[in-house]
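*Asks:* This structure is in structure tokens; I'll ask about it shortly.
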Number of protein chains: 4
Amino acid sequence: MIRVTIWNEYLHEKRNPEVAEIYPEGIHGAIAKYLRSQQGFEVRTATLEEPEHGLTDEVLSRTDVLIWWGHMAHDKVSNAVVDKVHQRIIEEGMGLIVLHSGHYSKIFRRLLGTTCSLRWREAGERERLWVVAPSHPIVEGIGDYFEIEHTEMYGEYFDIPSPDELVFISWFKGGEVFRSGCCFNRGRGRIFYFRPGHETFPIYHDPNVLKVIGNAARWATPVQRPKPATLSLAINVKPLEKLS
Amino acid sequence: MIRVTIWNEYLHEKRNPEVAEIYPEGIHGAIAKYLRSQQGFEVRTATLEEPEHGLTDEVLSRTDVLIWWGHMAHDKVSNAVVDKVHQRIIEEGMGLIVLHSGHYSKIFRRLLGTTCSLRWREAGERERLWVVAPSHPIVEGIGDYFEIEHTEMYGEYFDIPSPDELVFISWFKGGEVFRSGCCFNRGRGRIFYFRPGHETFPIYHDPNVLKVIGNAARWATPVQRPKPATLSLAINVKPLEKLS
Amino acid sequence: MIRVTIWNEYLHEKRNPEVAEIYPEGIHGAIAKYLRSQQGFEVRTATLEEPEHGLTDEVLSRTDVLIWWGHMAHDKVSNAVVDKVHQRIIEEGMGLIVLHSGHYSKIFRRLLGTTCSLRWREAGERERLWVVAPSHPIVEGIGDYFEIEHTEMYGEYFDIPSPDELVFISWFKGGEVFRSGCCFNRGRGRIFYFRPGHETFPIYHDPNVLKVIGNAARWATPVQRPKPATLSLAINVKPLEKLS
Amino acid sequence: MIRVTIWNEYLHEKRNPEVAEIYPEGIHGAIAKYLRSQQGFEVRTATLEEPEHGLTDEVLSRTDVLIWWGHMAHDKVSNAVVDKVHQRIIEEGMGLIVLHSGHYSKIFRRLLGTTCSLRWREAGERERLWVVAPSHPIVEGIGDYFEIEHTEMYGEYFDIPSPDELVFISWFKGGEVFRSGCCFNRGRGRIFYFRPGHETFPIYHDPNVLKVIGNAARWATPVQRPKPATLSLAINVKPLEKLS
């Protein structure tokens, strides 16, 4: 059974009644409900204000895939926790799904090495996500495109490395495009960035958005195999063949 | 005219007479000589023990392509200099050529986001670099492969993101392979990792190795165009089209 | 249950007693036995000299993943069958695993668009396959590398498009390297080229080789989703948004 | 000096007065004028109704980069000419720039191996091409995006292999997106697909469109190096190292 931990900054919901009305159990609660009831995953949640942000060694060691939502407090996430998450992805193969404003999280920027900057606009406009990777398991059950009626806009140039696989490209009413579903392989881990989502829109109640998150969790689940000898450190090795 | 700055840690040459004999003017001096006399580039050099490691704002602002060789003192490079080099690559498009043991430099690891770890062995064995990207400008003038008779071995798994373009794969006598010529695009900048080189082998006197470095400098030279609006920071924009 | 059809040219086994001794039930028989008994797949086989080469519409419509082994009679495969297989991959998402000398098959060359040419030598030398994609499901259960003691050599430059994911790089005793595990996405279909295999070596009895073939079949199984509207032909569409 | 041959079907201009008014010297004439006067290239043109479609062995042997525009008569292009063009790209490194409706040309489909199908609409709507590869030489002199006020729409899913480098993504007023600037490496050759262009819109008088075509021709110019030994055919080789 796939073990998912959903990390949510969980500040907007506590401070803003408008957000609390959309997500009474938090953004993490909305996603957790779907992944438990519709996908049968084993689901934990963790939030910023818990000790170690809820991401203790024990929690991480029981997590196959970590989902990350943050927005206003990226800087409050401790570097020690980011180091541990990074290590668990690269060396142990934990999957990572970064949602929406998580593009600016410490862990995503650390993994990608670029600024992860972008254009944005909060005008509640229409987004249409077009599938450009029709053979990818992340689009299982998804048609040629799906729409989100009211959303924040993210536009290019999105400063990321070229994705290892580009799955969705978004169209926005206001005139922009965005690479909104991006797969990255880093070390033993698999990372999926998925654009949709905002605290003041009910994005994480949308059936297509939830389906993609579920598909992504399956895709990002670690492969069972011995840990590569070189992941923790460079190793000095003897020749496998005679040298003379 | 392409303006290249060659950065060398420059410690082995000062401390080890064997290295000093191979590179009397330093590794940077050997590469500089070739790039000046054979390629006609404008070449500067910079080293660890100079103030700001020789990479002042003025030097960086006059550098199209930075070549990086380091080995025993990666940790001695100041984070402030790494930050400036990173910014100049991502935002201004300065090219970066990382040589050999530079795989473990702060700037390379920051740009790639992975551990950049690998297998290694110092046995003076034969390496054969096979071209797998026959249309790439970096292999101009290079045949199906070239050989280095005595070299240190680097072997897989090399913990890097999948290169945007893989140019060379190395064969080693002792039984390993290595992705030894790797192109990465990050922000406005282009990065080339090139494996050959070691302080105790005369690798940077080899005509094929030097030719590849010269080709890579041309490939990594910044493209002239306006700076993307989103590179320094996320920008809030007005719609380009009517929203209703 | 994954439905696999193994296609084998099946001429060497009938004509050459040495090959028949290694593969008394044909190369297809050896692979089928493993996939049935160890993986629990539903397995069919098909061969060149059957009517329509055994690949009737009915067989193809019941095939999730097609495995292809051919060598001496690529030209005997009818273009009509190649057209149908191509269409089923691109439009319906059937997976394709191309083995060894299948690099020169009509279907592989049609799908990749290049010559698929390479270096080769039949000297029974050692091959060592290094994993360069540690997070990929195709290397489940495989360590840092595995060896084949006696095999035919294939060497670079291998004239293929850059793989969408490069999984294995081979080292050969005689001095060559080869991209020996390559993933390609084409239309709705997923293609895996896997180098090991030869009619006069018992490669398809090797447990690592068989494990990789099983993993690849799972990876290449079609994703369930509506067929993209544009796959069979360009379609003229009305605007989704008002144009003025 | 870069030697460019512009191939144009050249039927619309001869049959449709509206098209002839926009392109009195043909689409090839408009592009040729820019590449000669503004880029200083050596430019030839060739058209469908000439003997061998104007692409004789002599013309091809003097062509560094071939630009291809076709629309209504793809099937009239002889397979023998397509074979020669394919061979010259793969084996000799001739560059190829495929424009707009050339997505359905025989040579493009042969090189890519997929159907190259797409959505389309002729409604004269606005297109905005966003740069997603800010370090690429093809966007030299181009800002964050450029616009074409009235154009035919092409939309996803565009059935091509994932491009080796994705340079532009188009936004269309009517609600679609499109990968409109795509780089592919095949054998020794480099291929650029560029979407803009239609016979009834003055696209090839647009300064940004022309600039991109000029940049692409420079990018696609063949690299000078020995022809890989394996490109024309598989070669049987002796070991480079002792086998025992």
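How things are named: the first chain in the structure tokens is A, the next is B, and so on; residues count from 1 in each chain; ligands count from 1 in the order shown.
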When you get a sec, could you note down which chain A residues fall within 7 Å of chain C, using only C-alpha atoms, as a ChimeraX atom specification?

*Replies:* /A:93,134-137,140-144,185,187-190,223-226,228

*Asks:* To test your reading of the structure, identify every residue in segment 99-241 of chain C that backbone DSSP assigns to strand (DSSP E), and report it as an NGL selection string.

*Replies:* :C and (99 or 119-131 or 145-155 or 165-172 or 177-186 or 189-194 or 235-236)

*Asks:* Write to file, as a compact mmCIF listing (two decimals), in the first residue's frame, the residues of the selection just made, with C-alpha atoms.

*Replies:*
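Contents of again-v7.txt, freshly written:
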# COMPACT_ATOMS: atom_id res chain seq x y z
CA LEU C 99 15.36 -6.88 -28.34
CA ARG C 119 29.20 -1.24 -34.54
CA TRP C 120 29.23 -4.97 -33.80
CA ARG C 121 31.55 -7.91 -33.16
CA GLU C 122 30.84 -11.54 -32.40
CA ALA C 123 33.63 -12.59 -30.06
CA GLY C 124 31.82 -13.87 -26.98
CA GLU C 125 33.26 -11.12 -24.79
CA ARG C 126 32.07 -9.79 -21.45
CA GLU C 127 29.39 -7.06 -21.18
CA ARG C 128 28.63 -5.08 -18.04
CA LEU C 129 25.35 -3.10 -18.00
CA TRP C 130 25.49 -0.04 -15.71
CA VAL C 131 22.31 1.54 -14.39
CA TYR C 145 25.20 -3.14 -12.68
CA PHE C 146 24.94 -6.68 -13.95
CA GLU C 147 27.20 -8.75 -16.17
CA ILE C 148 26.80 -11.05 -19.13
CA GLU C 149 29.84 -13.24 -19.42
CA HIS C 150 29.79 -14.07 -23.13
CA THR C 151 27.96 -11.99 -25.66
CA GLU C 152 28.03 -10.27 -29.01
CA MET C 153 29.28 -6.67 -28.81
CA TYR C 154 27.22 -3.65 -30.00
CA GLY C 155 29.04 -0.30 -29.96
CA GLU C 165 15.06 8.09 -20.81
CA LEU C 166 18.42 6.33 -20.87
CA VAL C 167 18.41 3.43 -18.40
CA PHE C 168 21.49 1.28 -19.10
CA ILE C 169 24.94 1.93 -20.58
CA SER C 170 27.00 -1.14 -21.50
CA TRP C 171 30.72 -1.61 -21.13
CA PHE C 172 32.41 -4.18 -23.39
CA VAL C 177 30.27 1.42 -24.88
CA PHE C 178 26.59 1.27 -25.87
CA ARG C 179 23.29 2.82 -24.81
CA SER C 180 21.74 -0.56 -24.13
CA GLY C 181 18.47 0.29 -22.36
CA CYS C 182 16.54 3.12 -24.03
CA CYS C 183 12.97 4.37 -23.47
CA PHE C 184 11.05 6.20 -26.19
CA ASN C 185 7.52 7.64 -26.06
CA ARG C 186 5.77 7.80 -29.43
CA GLY C 189 2.81 4.13 -27.01
CA ARG C 190 5.94 3.38 -25.02
CA ILE C 191 8.94 1.65 -26.54
CA PHE C 192 11.90 0.05 -24.80
CA TYR C 193 14.99 -1.03 -26.66
CA PHE C 194 17.04 -3.61 -24.75
CA ILE C 235 -9.03 17.75 -37.00
CA ASN C 236 -10.62 21.09 -37.76

*Asks:* Please provide as a ChimeraX atom specification all residues within 6 Å of segment 103-114 of chain D, with the sequence filter that same-chain residues fewer than 2 positions apart are discarded (counting only C-alpha atoms).

*Replies:* /C:110-113 /D:74,82,101,116,160

*Asks:* For the selection just defined, write its residues with C-alpha atoms to a file, as a tab-separated table (two decimals), in the first residue's frame.

*Replies:*
chain	number	residue	atom	x	y	z
C	110	ARG	CA	9.88	3.38	-38.77
C	111	LEU	CA	9.19	4.53	-35.22
C	112	LEU	CA	12.57	6.21	-34.70
C	113	GLY	CA	13.17	7.70	-38.16
D	74	HIS	CA	2.74	16.57	-49.85
D	82	VAL	CA	12.56	12.21	-49.79
D	101	SER	CA	1.97	23.01	-42.67
D	116	CYS	CA	2.59	14.61	-36.78
D	160	ILE	CA	5.54	14.38	-32.30
